[in-house]
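**Student:** Enclosed is the structure file protein-v6.txt (compact mmCIF, C-alpha atoms).
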# COMPACT_ATOMS: atom_id res chain seq x y z
CA MET A 1 -22.56 -13.11 -24.57
CA SER A 2 -19.86 -15.38 -23.27
CA LEU A 3 -16.16 -14.63 -23.38
CA GLU A 4 -15.84 -16.61 -26.60
CA GLY A 5 -18.55 -14.61 -28.35
CA THR A 6 -21.05 -17.49 -28.71
CA VAL A 7 -24.75 -16.72 -28.27
CA GLU A 8 -26.27 -18.31 -25.19
CA ARG A 9 -29.87 -19.68 -25.35
CA ARG A 10 -32.27 -20.20 -22.53
CA GLU A 11 -32.86 -23.82 -21.66
CA GLY A 12 -35.79 -25.20 -23.70
CA SER A 13 -35.93 -22.29 -26.14
CA PRO A 14 -36.95 -23.24 -29.74
CA ALA A 15 -34.50 -23.48 -32.61
CA GLY A 16 -34.86 -24.26 -36.34
CA ASN A 17 -37.59 -23.16 -38.83
CA GLY A 18 -40.65 -24.50 -36.94
CA ASN A 19 -41.62 -27.11 -39.67
CA GLY A 20 -40.88 -30.26 -37.70
CA PRO A 21 -39.25 -31.73 -34.69
CA VAL A 22 -36.03 -30.10 -33.75
CA ALA A 23 -32.99 -32.15 -32.96
CA LYS A 24 -31.55 -31.63 -29.55
CA GLN A 25 -29.00 -28.88 -29.78
CA PRO A 26 -25.56 -29.41 -28.27
CA ALA A 27 -24.88 -27.46 -25.12
CA PRO A 28 -23.01 -24.19 -25.69
CA PRO A 29 -19.32 -24.32 -24.87
CA ALA A 30 -18.55 -23.88 -21.20
CA ARG A 31 -17.74 -20.37 -20.16
CA PRO A 32 -14.00 -20.12 -19.61
CA THR A 33 -13.07 -19.44 -16.03
CA TYR A 34 -9.84 -17.91 -14.85
CA GLY A 35 -10.41 -17.84 -11.10
CA ASP A 36 -8.01 -20.72 -10.50
CA ARG A 37 -5.17 -19.11 -12.45
CA ARG A 38 -2.46 -17.40 -10.48
CA LEU A 39 -0.87 -14.08 -11.29
CA ARG A 40 2.70 -14.06 -12.58
CA LEU A 41 5.20 -13.35 -9.84
CA ASN A 42 7.39 -11.31 -12.19
CA PRO A 43 5.73 -8.74 -14.46
CA ASN A 44 5.75 -9.11 -18.25
CA THR A 45 7.80 -6.00 -18.96
CA GLU A 46 7.29 -6.29 -22.73
CA HIS A 47 3.51 -6.18 -22.43
CA LYS A 48 1.84 -2.78 -22.72
CA PRO A 49 -1.23 -2.60 -20.44
CA GLU A 50 -4.50 -1.17 -21.67
CA ARG A 51 -6.00 2.01 -20.23
CA TYR A 52 -8.76 1.63 -17.66
CA ASP A 53 -9.55 5.26 -16.88
CA ASP A 54 -13.11 4.91 -18.18
CA VAL A 55 -13.92 1.70 -16.29
CA GLN A 56 -16.60 2.18 -13.67
CA SER A 57 -15.36 0.25 -10.66
CA GLU A 58 -14.75 0.49 -6.94
CA TYR A 59 -11.06 -0.07 -7.74
CA ASP A 60 -8.73 2.63 -8.99
CA SER A 61 -7.82 2.36 -12.69
CA VAL A 62 -4.12 2.37 -11.75
CA ILE A 63 -4.59 -1.00 -10.02
CA PHE A 64 -5.88 -2.60 -13.24
CA SER A 65 -2.98 -1.23 -15.30
CA SER A 66 -0.49 -2.52 -12.76
CA LEU A 67 -2.04 -5.96 -12.42
CA GLU A 68 -2.32 -6.51 -16.18
CA ARG A 69 1.44 -7.03 -16.50
CA HIS A 70 1.09 -9.91 -14.02
CA LEU A 71 -1.77 -11.70 -15.78
CA PRO A 72 -1.17 -15.29 -16.90
CA PRO A 73 -0.19 -15.53 -20.62
CA SER A 74 -3.62 -16.93 -21.54
CA MET A 75 -5.25 -13.72 -20.37
CA LEU A 76 -3.15 -11.18 -22.23
CA ASP A 77 -4.97 -11.52 -25.56
CA VAL A 78 -8.57 -11.65 -24.30
CA SER A 79 -10.86 -8.63 -24.39
CA ARG A 80 -10.40 -5.79 -21.94
CA ASP A 81 -13.76 -6.63 -20.33
CA ALA A 82 -12.53 -10.18 -19.69
CA LYS A 83 -9.35 -8.85 -18.15
CA VAL A 84 -11.33 -6.52 -15.90
CA GLU A 85 -13.59 -9.38 -14.82
CA PHE A 86 -10.61 -11.58 -14.00
CA MET A 87 -8.76 -8.86 -12.10
CA LYS A 88 -11.86 -7.95 -10.12
CA GLU A 89 -12.17 -11.58 -9.12
CA ILE A 90 -8.56 -11.59 -7.97
CA LEU A 91 -9.03 -8.36 -6.03
CA SER A 92 -12.27 -9.52 -4.42
CA ARG A 93 -10.45 -12.42 -2.79
CA TYR A 94 -8.99 -10.06 -0.20
CA LEU A 95 -11.67 -7.33 -0.41
CA PRO A 96 -15.04 -8.80 0.72
CA GLU A 97 -18.30 -7.60 -0.78
CA GLY A 98 -19.13 -5.53 2.29
CA GLU A 99 -15.78 -3.80 2.02
CA ARG A 100 -16.29 -3.17 -1.71
CA ASN A 101 -19.63 -1.54 -0.94
CA ARG A 102 -17.92 0.64 1.62
CA VAL A 103 -15.29 1.64 -0.96
CA GLN A 104 -18.01 2.56 -3.46
CA ARG A 105 -19.77 4.73 -0.87
CA HIS A 106 -16.44 6.38 -0.10
CA LYS A 107 -15.94 7.22 -3.79
CA GLU A 108 -19.34 8.89 -3.87
CA TYR A 109 -18.53 10.79 -0.66
CA ARG A 110 -15.18 11.91 -2.10
CA LYS A 111 -16.80 13.13 -5.33
CA LYS A 112 -19.28 15.21 -3.35
CA LEU A 113 -16.54 16.65 -1.16
CA MET A 114 -14.24 17.58 -4.04
CA SER A 115 -17.05 19.28 -5.95
CA ALA A 116 -17.69 21.60 -3.00
CA TYR A 117 -14.23 22.38 -1.62
CA GLN A 118 -12.18 25.15 -3.25
CA PRO A 119 -8.39 24.62 -2.90
CA LEU A 120 -6.37 27.39 -1.29
CA HIS A 121 -3.01 26.56 -2.91
CA LYS A 122 -3.64 25.06 -6.32
CA GLU A 123 0.10 24.58 -6.92
CA LEU A 124 -0.01 21.74 -4.36
CA TYR A 125 -2.27 19.66 -6.57
CA SER A 126 0.39 19.08 -9.23
CA LEU A 127 3.79 17.67 -8.43
CA HIS A 128 6.63 20.20 -8.82
CA PRO A 129 9.83 18.35 -7.84
CA SER A 130 12.18 21.33 -7.56
CA ALA A 131 9.67 23.18 -5.37
CA PHE A 132 8.70 20.18 -3.24
CA PHE A 133 11.92 18.29 -2.52
CA VAL A 134 15.30 19.11 -1.03
CA PRO A 135 18.12 18.91 -3.63
CA SER A 136 19.85 15.88 -2.05
CA PHE A 137 16.69 13.78 -2.28
CA LEU A 138 15.98 14.90 -5.84
CA LYS A 139 19.54 14.11 -6.96
CA ALA A 140 19.45 10.62 -5.46
CA ILE A 141 16.14 9.82 -7.15
CA ASN A 142 17.36 11.16 -10.49
CA ASP A 143 20.55 9.04 -10.25
CA ASN A 144 18.28 6.08 -9.43
CA THR A 145 20.87 3.62 -8.15
CA GLU A 146 21.14 1.79 -4.86
CA GLU A 147 24.47 3.52 -4.26
CA SER A 148 22.91 6.96 -4.74
CA PHE A 149 20.11 6.09 -2.33
CA ARG A 150 22.45 4.77 0.36
CA ASN A 151 24.69 7.82 0.06
CA PHE A 152 21.93 10.21 1.17
CA LEU A 153 19.80 8.18 3.60
CA CYS A 154 20.45 6.67 7.03
CA GLU A 155 19.48 3.20 8.24
CA PRO A 156 19.38 3.47 12.05
CA SER A 157 17.95 -0.05 12.30
CA PRO A 158 17.55 -2.79 9.66
CA GLY A 159 14.63 -1.96 7.35
CA ILE A 160 14.09 1.59 8.66
CA TYR A 161 15.35 4.44 6.46
CA THR A 162 15.41 8.14 7.30
CA PHE A 163 16.27 11.03 4.99
CA PRO A 164 15.54 14.71 4.32
CA MET A 165 12.72 14.95 1.80
CA PHE A 166 10.47 18.04 1.73
CA GLN A 167 11.46 21.68 1.58
CA PRO A 168 10.13 23.92 4.40
CA SER A 169 8.10 25.94 1.90
CA PHE A 170 6.24 22.81 0.77
CA CYS A 171 5.53 21.80 4.37
CA GLU A 172 4.12 25.26 5.07
CA LEU A 173 1.86 25.16 2.00
CA LEU A 174 0.51 21.72 2.84
CA LEU A 175 -0.10 22.70 6.48
CA ASP A 176 -1.87 25.83 5.28
CA GLU A 177 -4.05 23.79 2.90
CA VAL A 178 -5.00 21.29 5.59
CA GLU A 179 -5.90 24.10 8.00
CA ASN A 180 -8.02 25.78 5.31
CA PHE A 181 -9.79 22.49 4.61
CA GLU A 182 -10.57 21.93 8.28
CA LYS A 183 -11.91 25.47 8.65
CA TRP A 184 -14.12 24.97 5.62
CA VAL A 185 -15.40 21.67 6.97
CA SER A 186 -16.25 23.34 10.27
CA THR A 187 -17.98 26.27 8.55
CA VAL A 188 -20.20 24.18 6.26
CA LYS A 189 -20.65 21.50 8.95
CA PHE A 190 -19.52 18.74 6.60
CA LYS A 191 -18.80 15.51 8.44
CA ILE A 192 -15.52 14.12 7.15
CA MET A 193 -13.89 10.71 7.49
CA ARG A 194 -10.78 10.58 9.65
CA PRO A 195 -7.60 8.83 8.46
CA ASN A 196 -8.11 5.56 10.36
CA THR A 197 -9.67 4.01 13.45
CA MET A 198 -6.78 5.08 15.68
CA ASN A 199 -6.62 8.80 14.86
CA LYS A 200 -9.50 11.10 15.80
CA TYR A 201 -7.81 14.16 14.26
CA GLY A 202 -6.36 14.70 10.80
CA ALA A 203 -7.63 14.47 7.24
CA VAL A 204 -7.46 12.15 4.24
CA LEU A 205 -5.54 14.03 1.55
CA ASP A 206 -7.07 12.04 -1.31
CA ASP A 207 -10.56 13.11 -0.23
CA PHE A 208 -10.10 16.76 -1.15
CA GLY A 209 -8.25 16.44 -4.42
CA LEU A 210 -4.63 15.44 -3.77
CA GLU A 211 -4.94 11.85 -5.02
CA ALA A 212 -3.36 12.48 -8.44
CA MET A 213 -0.41 14.32 -6.89
CA LEU A 214 0.15 11.51 -4.38
CA ASN A 215 -0.07 8.88 -7.13
CA LYS A 216 2.75 10.63 -8.96
CA LEU A 217 4.70 11.07 -5.73
CA ILE A 218 4.60 7.33 -5.13
CA GLU A 219 5.21 6.28 -8.72
CA GLU A 220 8.20 8.54 -9.36
CA PHE A 221 9.73 9.14 -5.91
CA VAL A 222 8.70 6.42 -3.44
CA SER A 223 8.59 3.36 -5.70
CA PRO A 224 12.26 3.67 -6.79
CA LEU A 225 13.26 3.37 -3.12
CA ALA A 226 10.74 0.64 -2.36
CA LYS A 227 11.95 -1.46 -5.31
CA VAL A 228 15.48 -1.45 -3.91
CA PHE A 229 14.82 -1.79 -0.18
CA PHE A 230 11.51 -3.67 0.08
CA PRO A 231 11.19 -6.08 -2.88
CA ASP A 232 10.19 -8.86 -0.46
CA VAL A 233 6.90 -7.14 0.43
CA GLY A 234 5.80 -5.87 -2.99
CA GLY A 235 7.99 -2.78 -3.13
CA SER A 236 8.36 -3.16 -6.89
CA THR A 237 4.60 -3.46 -7.51
CA LEU A 238 3.03 -0.63 -5.49
CA ASP A 239 -0.25 0.30 -7.18
CA SER A 240 -2.51 2.04 -4.66
CA HIS A 241 -2.26 4.16 -1.53
CA HIS A 242 -3.99 5.81 1.41
CA GLY A 243 -2.64 9.32 1.99
CA PHE A 244 -3.43 11.39 5.08
CA VAL A 245 -2.20 13.79 7.75
CA VAL A 246 -2.40 13.17 11.50
CA GLU A 247 -2.29 15.79 14.25
CA TYR A 248 -0.94 15.49 17.77
CA GLY A 249 -0.89 17.92 20.70
CA LYS A 250 -3.18 19.68 23.13
CA ASP A 251 -6.85 19.10 22.24
CA LYS A 252 -5.70 16.65 19.52
CA ASP A 253 -4.50 13.07 19.57
CA VAL A 254 -1.68 12.75 22.08
CA GLU A 255 -0.08 9.41 21.23
CA LEU A 256 -0.54 6.37 19.02
CA GLY A 257 -0.65 2.83 20.32
CA PHE A 258 1.45 -0.13 19.24
CA HIS A 259 0.27 -1.34 15.81
CA VAL A 260 1.09 -2.30 12.22
CA ASP A 261 -0.10 -0.39 9.13
CA ASP A 262 -2.50 -1.58 6.45
CA ALA A 263 0.29 -1.13 3.93
CA GLU A 264 3.20 -2.89 2.33
CA VAL A 265 5.42 0.22 2.59
CA THR A 266 4.86 3.28 4.77
CA LEU A 267 6.23 6.78 4.19
CA ASN A 268 5.98 9.03 7.26
CA VAL A 269 7.07 12.69 6.90
CA CYS A 270 7.01 15.21 9.72
CA LEU A 271 5.56 18.52 8.52
CA GLY A 272 6.07 20.41 11.81
CA ILE A 273 5.25 22.64 13.62
CA ASP A 274 6.84 23.23 17.07
CA PHE A 275 6.58 20.31 19.47
CA PHE A 276 8.26 18.19 22.09
CA GLY A 277 7.94 14.44 22.42
CA GLY A 278 6.05 12.32 19.93
CA ASP A 279 8.96 9.95 19.24
CA LEU A 280 8.29 6.89 17.12
CA PHE A 281 9.21 3.52 18.58
CA PHE A 282 9.81 0.44 16.43
CA ARG A 283 9.71 -3.15 17.64
CA GLY A 284 10.40 -5.55 14.77
CA ILE A 285 8.67 -6.80 11.61
CA ARG A 286 5.94 -9.42 11.98
CA CYS A 287 3.49 -11.39 9.84
CA ASP A 288 -0.11 -11.92 10.96
CA LYS A 289 0.79 -15.12 12.79
CA HIS A 290 3.51 -13.48 14.89
CA VAL A 291 2.25 -9.93 15.30
CA ASN A 292 2.01 -10.25 19.10
CA THR A 293 5.27 -12.09 19.74
CA GLU A 294 8.03 -10.71 21.95
CA THR A 295 10.48 -8.07 20.76
CA GLN A 296 14.13 -9.00 20.47
CA PRO A 297 16.75 -6.51 21.80
CA GLU A 298 18.17 -5.86 18.32
CA GLU A 299 14.70 -4.84 17.06
CA ILE A 300 14.28 -1.87 19.43
CA LEU A 301 14.53 1.63 17.93
CA ASP A 302 13.29 5.02 19.12
CA TYR A 303 13.20 7.83 16.57
CA SER A 304 12.74 11.59 17.06
CA HIS A 305 10.82 13.47 14.38
CA VAL A 306 12.43 16.33 12.43
CA PRO A 307 10.28 18.61 10.21
CA GLY A 308 10.81 17.78 6.54
CA GLN A 309 12.48 14.47 7.45
CA ALA A 310 10.99 11.20 6.15
CA VAL A 311 10.90 7.71 7.61
CA LEU A 312 10.39 4.78 5.21
CA HIS A 313 9.61 1.30 6.53
CA ARG A 314 7.59 -1.85 5.91
CA GLY A 315 3.96 -1.49 6.91
CA ARG A 316 4.30 -4.67 9.00
CA HIS A 317 7.08 -3.09 11.06
CA ARG A 318 5.46 -2.81 14.50
CA HIS A 319 5.54 0.73 15.82
CA GLY A 320 3.76 3.45 17.78
CA ALA A 321 4.13 7.11 18.81
CA ARG A 322 4.92 8.34 22.30
CA PRO A 323 2.97 11.30 23.75
CA THR A 324 3.51 14.73 22.26
CA THR A 325 4.12 16.58 25.51
CA SER A 326 3.80 20.14 24.18
CA GLY A 327 3.22 22.04 20.96
CA HIS A 328 1.56 20.77 17.81
CA ARG A 329 2.93 17.97 15.61
CA ILE A 330 1.53 17.17 12.15
CA ASN A 331 2.75 14.29 9.99
CA MET A 332 1.91 13.24 6.45
CA LEU A 333 1.63 9.49 5.88
CA LEU A 334 1.38 7.42 2.75
CA TRP A 335 0.32 3.81 3.13
CA CYS A 336 1.59 2.28 -0.12
CA ARG A 337 -0.02 -1.01 -1.18
CA SER A 338 0.58 -3.77 -3.69
CA SER A 339 -2.36 -5.80 -5.01
CA LEU A 340 0.05 -8.41 -6.35
CA PHE A 341 1.80 -8.93 -3.02
CA ARG A 342 -1.52 -9.35 -1.23
CA GLU A 343 -2.55 -11.98 -3.74
CA MET A 344 0.76 -13.83 -3.51
CA LYS A 345 0.62 -13.96 0.29
CA LYS A 346 -2.10 -16.59 -0.08
CA TYR A 347 0.47 -19.02 -1.46
CA GLN A 348 3.11 -18.37 1.19
CA LYS A 349 4.97 -21.38 2.54
CA ASP A 350 5.75 -22.04 6.19
CA PHE A 351 8.01 -19.03 6.67
CA SER A 352 7.91 -15.51 5.26
CA SER A 353 11.21 -13.96 4.19
CA TRP A 354 10.51 -10.66 5.94
CA CYS A 355 9.02 -11.57 9.35
CA GLY A 356 11.66 -11.54 12.08
CA GLU A 357 9.94 -14.27 14.08
CA CYS A 358 9.48 -16.49 10.99
CA GLN A 359 13.20 -16.31 10.35
CA ARG A 360 14.03 -17.17 13.95
CA GLU A 361 11.70 -20.17 13.80
CA LYS A 362 13.23 -21.26 10.50
CA LYS A 363 16.77 -21.11 11.90
CA GLU A 364 15.70 -23.01 15.01
CA ARG A 365 14.07 -25.75 12.94
CA GLN A 366 17.15 -26.01 10.71
CA SER A 367 19.36 -26.25 13.79
CA GLN A 368 17.18 -29.00 15.25
CA SER A 369 17.26 -30.87 11.93
CA VAL A 370 21.06 -30.72 11.76
CA ALA A 371 21.35 -31.90 15.39
CA ALA A 372 18.94 -34.80 14.76
CA THR A 373 20.89 -35.84 11.64
CA LYS A 374 24.18 -35.83 13.55
CA LEU A 375 22.66 -37.84 16.38
CA ALA A 376 21.28 -40.46 13.97
CA PHE A 377 24.67 -40.69 12.27
CA PHE A 378 26.49 -41.27 15.56
CA LYS A 379 23.96 -43.86 16.72
CA ALA A 380 24.47 -45.75 13.47
CA GLY A 381 28.15 -45.97 14.32
CA GLY A 382 29.25 -43.47 11.76
CA GLY A 383 31.52 -41.57 14.09
CA SER A 384 32.27 -40.33 17.56
CA ASN A 385 30.30 -37.57 19.25
CA THR A 386 33.28 -36.48 21.33
Could you render the structure from this file as structure tokens?
**Tutor:**
Amino acid sequence: MSLEGTVERREGSPAGNGNGPVAKQPAPPARPTYGDRRLRLNPNTEHKPERYDDVQSEYDSVIFSSLERHLPPSMLDVSRDAKVEFMKEILSRYLPEGERNRVQRHKEYRKKLMSAYQPLHKELYSLHPSAFFVPSFLKAINDNTEESFRNFLCEPSPGIYTFPMFQPSFCELLLDEVENFEKWVSTVKFKIMRPNTMNKYGAVLDDFGLEAMLNKLIEEFVSPLAKVFFPDVGGSTLDSHHGFVVEYGKDKDVELGFHVDDAEVTLNVCLGIDFFGGDLFFRGIRCDKHVNTETQPEEILDYSHVPGQAVLHRGRHRHGARPTTSGHRINMLLWCRSSLFREMKKYQKDFSSWCGECQREKKERQSQSVAATKLAFFKAGGGSNT
């Protein structure tokens, strides 16, 4: 059945009552296509999205609910199945088929893992704000104004924000849970996936049941900050994440090379324990075109980790971690992503508003244009260049 509900016939199939020649039937109406329609840049705040919890897909249901507010007006009144088809097509533009197959295999792996692992601290799996967060962070989020945010956080370099976030008791519980998970994995000889291609140690928190808690953490406590400080990279439309812990120290990873994250916004929280070294170093924000360009002096920042302290920055902010010289350092990271921003990047003009090198090139081109205009004016006798 097509989207319009008309019945489709196979080419050459009979029609009529069989008592005589049959007139040639008109072709069925063309199937509407929406692949060339763009998402709305600003969400339709008056539209209430449908629920997609029961949809079998390689994509999280939260992504569909988020994207629905950005659908073109012509799509808002079609069936839910049509919306899902359209949104899948949008998503597939930056997630190739091979990658979608990998995601589906990962979902099956995660289901198997969660059915076997027994949590040690079940209170971690539901978000309890007063037990998780320090009072200053909780008050700022509850006030929910830019002024309240700026009053409790620091901005040591443009676009990098640091602030106290987690209580020591929460850090201890999460560290205990991760240790229990790793012991269980070792005991049952279950081969787990590591957080990314750069870290050989650590665990993906979503894989053993913390996905729902992290979703709520992002929706209620990270997104309010991202909306204010990172609207240019999808901070107001975060709809998926990759949550994990990384471990550094003796017999673990020692350092992390210079890189950018697969995220629009990154939250990095030090959980502890006792360590020396491991400083983060930041070297400016770059788009894909300029990711390997030189660092400007004003873009250099070194940051020392403090247990319970969070660092919030754009995923495209180039950074790395220096060697942890002694002890054991564990950090929790949330790579927060926006499907809408990734779609909109396809229609970007010459310069991005958030890449430091793009902005330098833009200013240089504007300066050259002004100089050329002045020169042409003087040559035409319009004035003196002295």
**Student:** Contacts of Ser223 of chain A at 7 Å or less, counting all atoms listed in the file, minus same-chain residues fewer than 5 places along, as a ChimeraX atom specification?
**Tutor:** /A:218,235-236,238
**Student:** Could you give me, as a PDB file with C-alpha atoms, in the frame of the given file, the residues that have an atom at most 9 Å away from the point (4.1, -11.3, -22.1) in the coordinates of the file, using all atoms listed in the file?
**Tutor:**
ATOM      1  CA  PRO A  43       5.730  -8.740 -14.460  1.00  0.00           C
ATOM      2  CA  ASN A  44       5.750  -9.110 -18.250  1.00  0.00           C
ATOM      3  CA  THR A  45       7.800  -6.000 -18.960  1.00  0.00           C
ATOM      4  CA  GLU A  46       7.290  -6.290 -22.730  1.00  0.00           C
ATOM      5  CA  HIS A  47       3.510  -6.180 -22.430  1.00  0.00           C
ATOM      6  CA  LYS A  48       1.840  -2.780 -22.720  1.00  0.00           C
ATOM      7  CA  ARG A  69       1.440  -7.030 -16.500  1.00  0.00           C
ATOM      8  CA  HIS A  70       1.090  -9.910 -14.020  1.00  0.00           C
ATOM      9  CA  LEU A  71      -1.770 -11.700 -15.780  1.00  0.00           C
ATOM     10  CA  PRO A  72      -1.170 -15.290 -16.900  1.00  0.00           C
ATOM     11  CA  PRO A  73      -0.190 -15.530 -20.620  1.00  0.00           C
ATOM     12  CA  LEU A  76      -3.150 -11.180 -22.230  1.00  0.00           C
TER      13      LEU A  76
END
**Student:** Using Å and a single decimal, report how far atom CA of Arg329 of chain A sits from atom CA of Ile273 of chain A.
**Tutor:**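 Calculated distance between atom CA of Ile273 of chain A and atom CA of Arg329 of chain A is 5.6 Å.
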**Student:** Which of these residues is nearest to Ser66 of chain A, using only C-alpha atoms: A:Met87, A:Leu375, A:Leu210, A:Cys355?
**Tutor:**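 Of the candidates, the smallest distance to Ser66 of chain A is held by A:Met87.
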**Student:** Go through A:Asn42, A:Glu108, A:Met114, A:Pro307 and flag the residue nearest Gln167 of chain A, using all atoms listed in the file for the distances.
**Tutor:**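 Looking only at the distances to Gln167 of chain A, the closest residue turns out to be A:Pro307.
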**Student:** Using the partial input, fill out segment 197-211 of chain A with N, CA and C atoms; write the result as a PDB file, in the frame of the given file.
**Tutor:**
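Output (selection_26.pdb):
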ATOM      1  N   THR A 197      -8.931   4.236  12.203  1.00  0.00           N
ATOM      2  CA  THR A 197      -9.670   4.010  13.450  1.00  0.00           C
ATOM      3  C   THR A 197      -8.899   4.453  14.677  1.00  0.00           C
ATOM      4  N   MET A 198      -7.607   4.721  14.531  1.00  0.00           N
ATOM      5  CA  MET A 198      -6.780   5.080  15.680  1.00  0.00           C
ATOM      6  C   MET A 198      -6.638   6.589  15.855  1.00  0.00           C
ATOM      7  N   ASN A 199      -6.798   7.352  14.796  1.00  0.00           N
ATOM      8  CA  ASN A 199      -6.620   8.800  14.860  1.00  0.00           C
ATOM      9  C   ASN A 199      -7.963   9.533  14.776  1.00  0.00           C
ATOM     10  N   LYS A 200      -8.261  10.333  15.770  1.00  0.00           N
ATOM     11  CA  LYS A 200      -9.500  11.100  15.800  1.00  0.00           C
ATOM     12  C   LYS A 200      -9.336  12.467  15.136  1.00  0.00           C
ATOM     13  N   TYR A 201      -8.088  12.869  14.886  1.00  0.00           N
ATOM     14  CA  TYR A 201      -7.810  14.160  14.260  1.00  0.00           C
ATOM     15  C   TYR A 201      -6.933  13.938  13.018  1.00  0.00           C
ATOM     16  N   GLY A 202      -7.080  14.845  12.056  1.00  0.00           N
ATOM     17  CA  GLY A 202      -6.360  14.700  10.800  1.00  0.00           C
ATOM     18  C   GLY A 202      -7.336  14.600   9.643  1.00  0.00           C
ATOM     19  N   ALA A 203      -6.795  14.493   8.441  1.00  0.00           N
ATOM     20  CA  ALA A 203      -7.630  14.470   7.240  1.00  0.00           C
ATOM     21  C   ALA A 203      -7.032  13.559   6.192  1.00  0.00           C
ATOM     22  N   VAL A 204      -7.904  12.989   5.364  1.00  0.00           N
ATOM     23  CA  VAL A 204      -7.460  12.150   4.240  1.00  0.00           C
ATOM     24  C   VAL A 204      -7.183  13.060   3.054  1.00  0.00           C
ATOM     25  N   LEU A 205      -5.941  13.109   2.616  1.00  0.00           N
ATOM     26  CA  LEU A 205      -5.540  14.030   1.550  1.00  0.00           C
ATOM     27  C   LEU A 205      -6.221  13.708   0.226  1.00  0.00           C
ATOM     28  N   ASP A 206      -6.421  12.431  -0.054  1.00  0.00           N
ATOM     29  CA  ASP A 206      -7.070  12.040  -1.310  1.00  0.00           C
ATOM     30  C   ASP A 206      -8.498  12.571  -1.391  1.00  0.00           C
ATOM     31  N   ASP A 207      -9.145  12.741  -0.239  1.00  0.00           N
ATOM     32  CA  ASP A 207     -10.560  13.110  -0.230  1.00  0.00           C
ATOM     33  C   ASP A 207     -10.820  14.518  -0.737  1.00  0.00           C
ATOM     34  N   PHE A 208      -9.832  15.404  -0.648  1.00  0.00           N
ATOM     35  CA  PHE A 208     -10.100  16.760  -1.150  1.00  0.00           C
ATOM     36  C   PHE A 208      -9.188  17.149  -2.310  1.00  0.00           C
ATOM     37  N   GLY A 209      -8.816  16.132  -3.122  1.00  0.00           N
ATOM     38  CA  GLY A 209      -8.250  16.440  -4.420  1.00  0.00           C
ATOM     39  C   GLY A 209      -6.776  16.142  -4.632  1.00  0.00           C
ATOM     40  N   LEU A 210      -6.065  15.635  -3.626  1.00  0.00           N
ATOM     41  CA  LEU A 210      -4.630  15.440  -3.770  1.00  0.00           C
ATOM     42  C   LEU A 210      -4.250  14.032  -4.236  1.00  0.00           C
ATOM     43  N   GLU A 211      -5.219  13.232  -4.634  1.00  0.00           N
ATOM     44  CA  GLU A 211      -4.940  11.850  -5.020  1.00  0.00           C
ATOM     45  C   GLU A 211      -3.983  11.764  -6.202  1.00  0.00           C
TER      46      GLU A 211
END
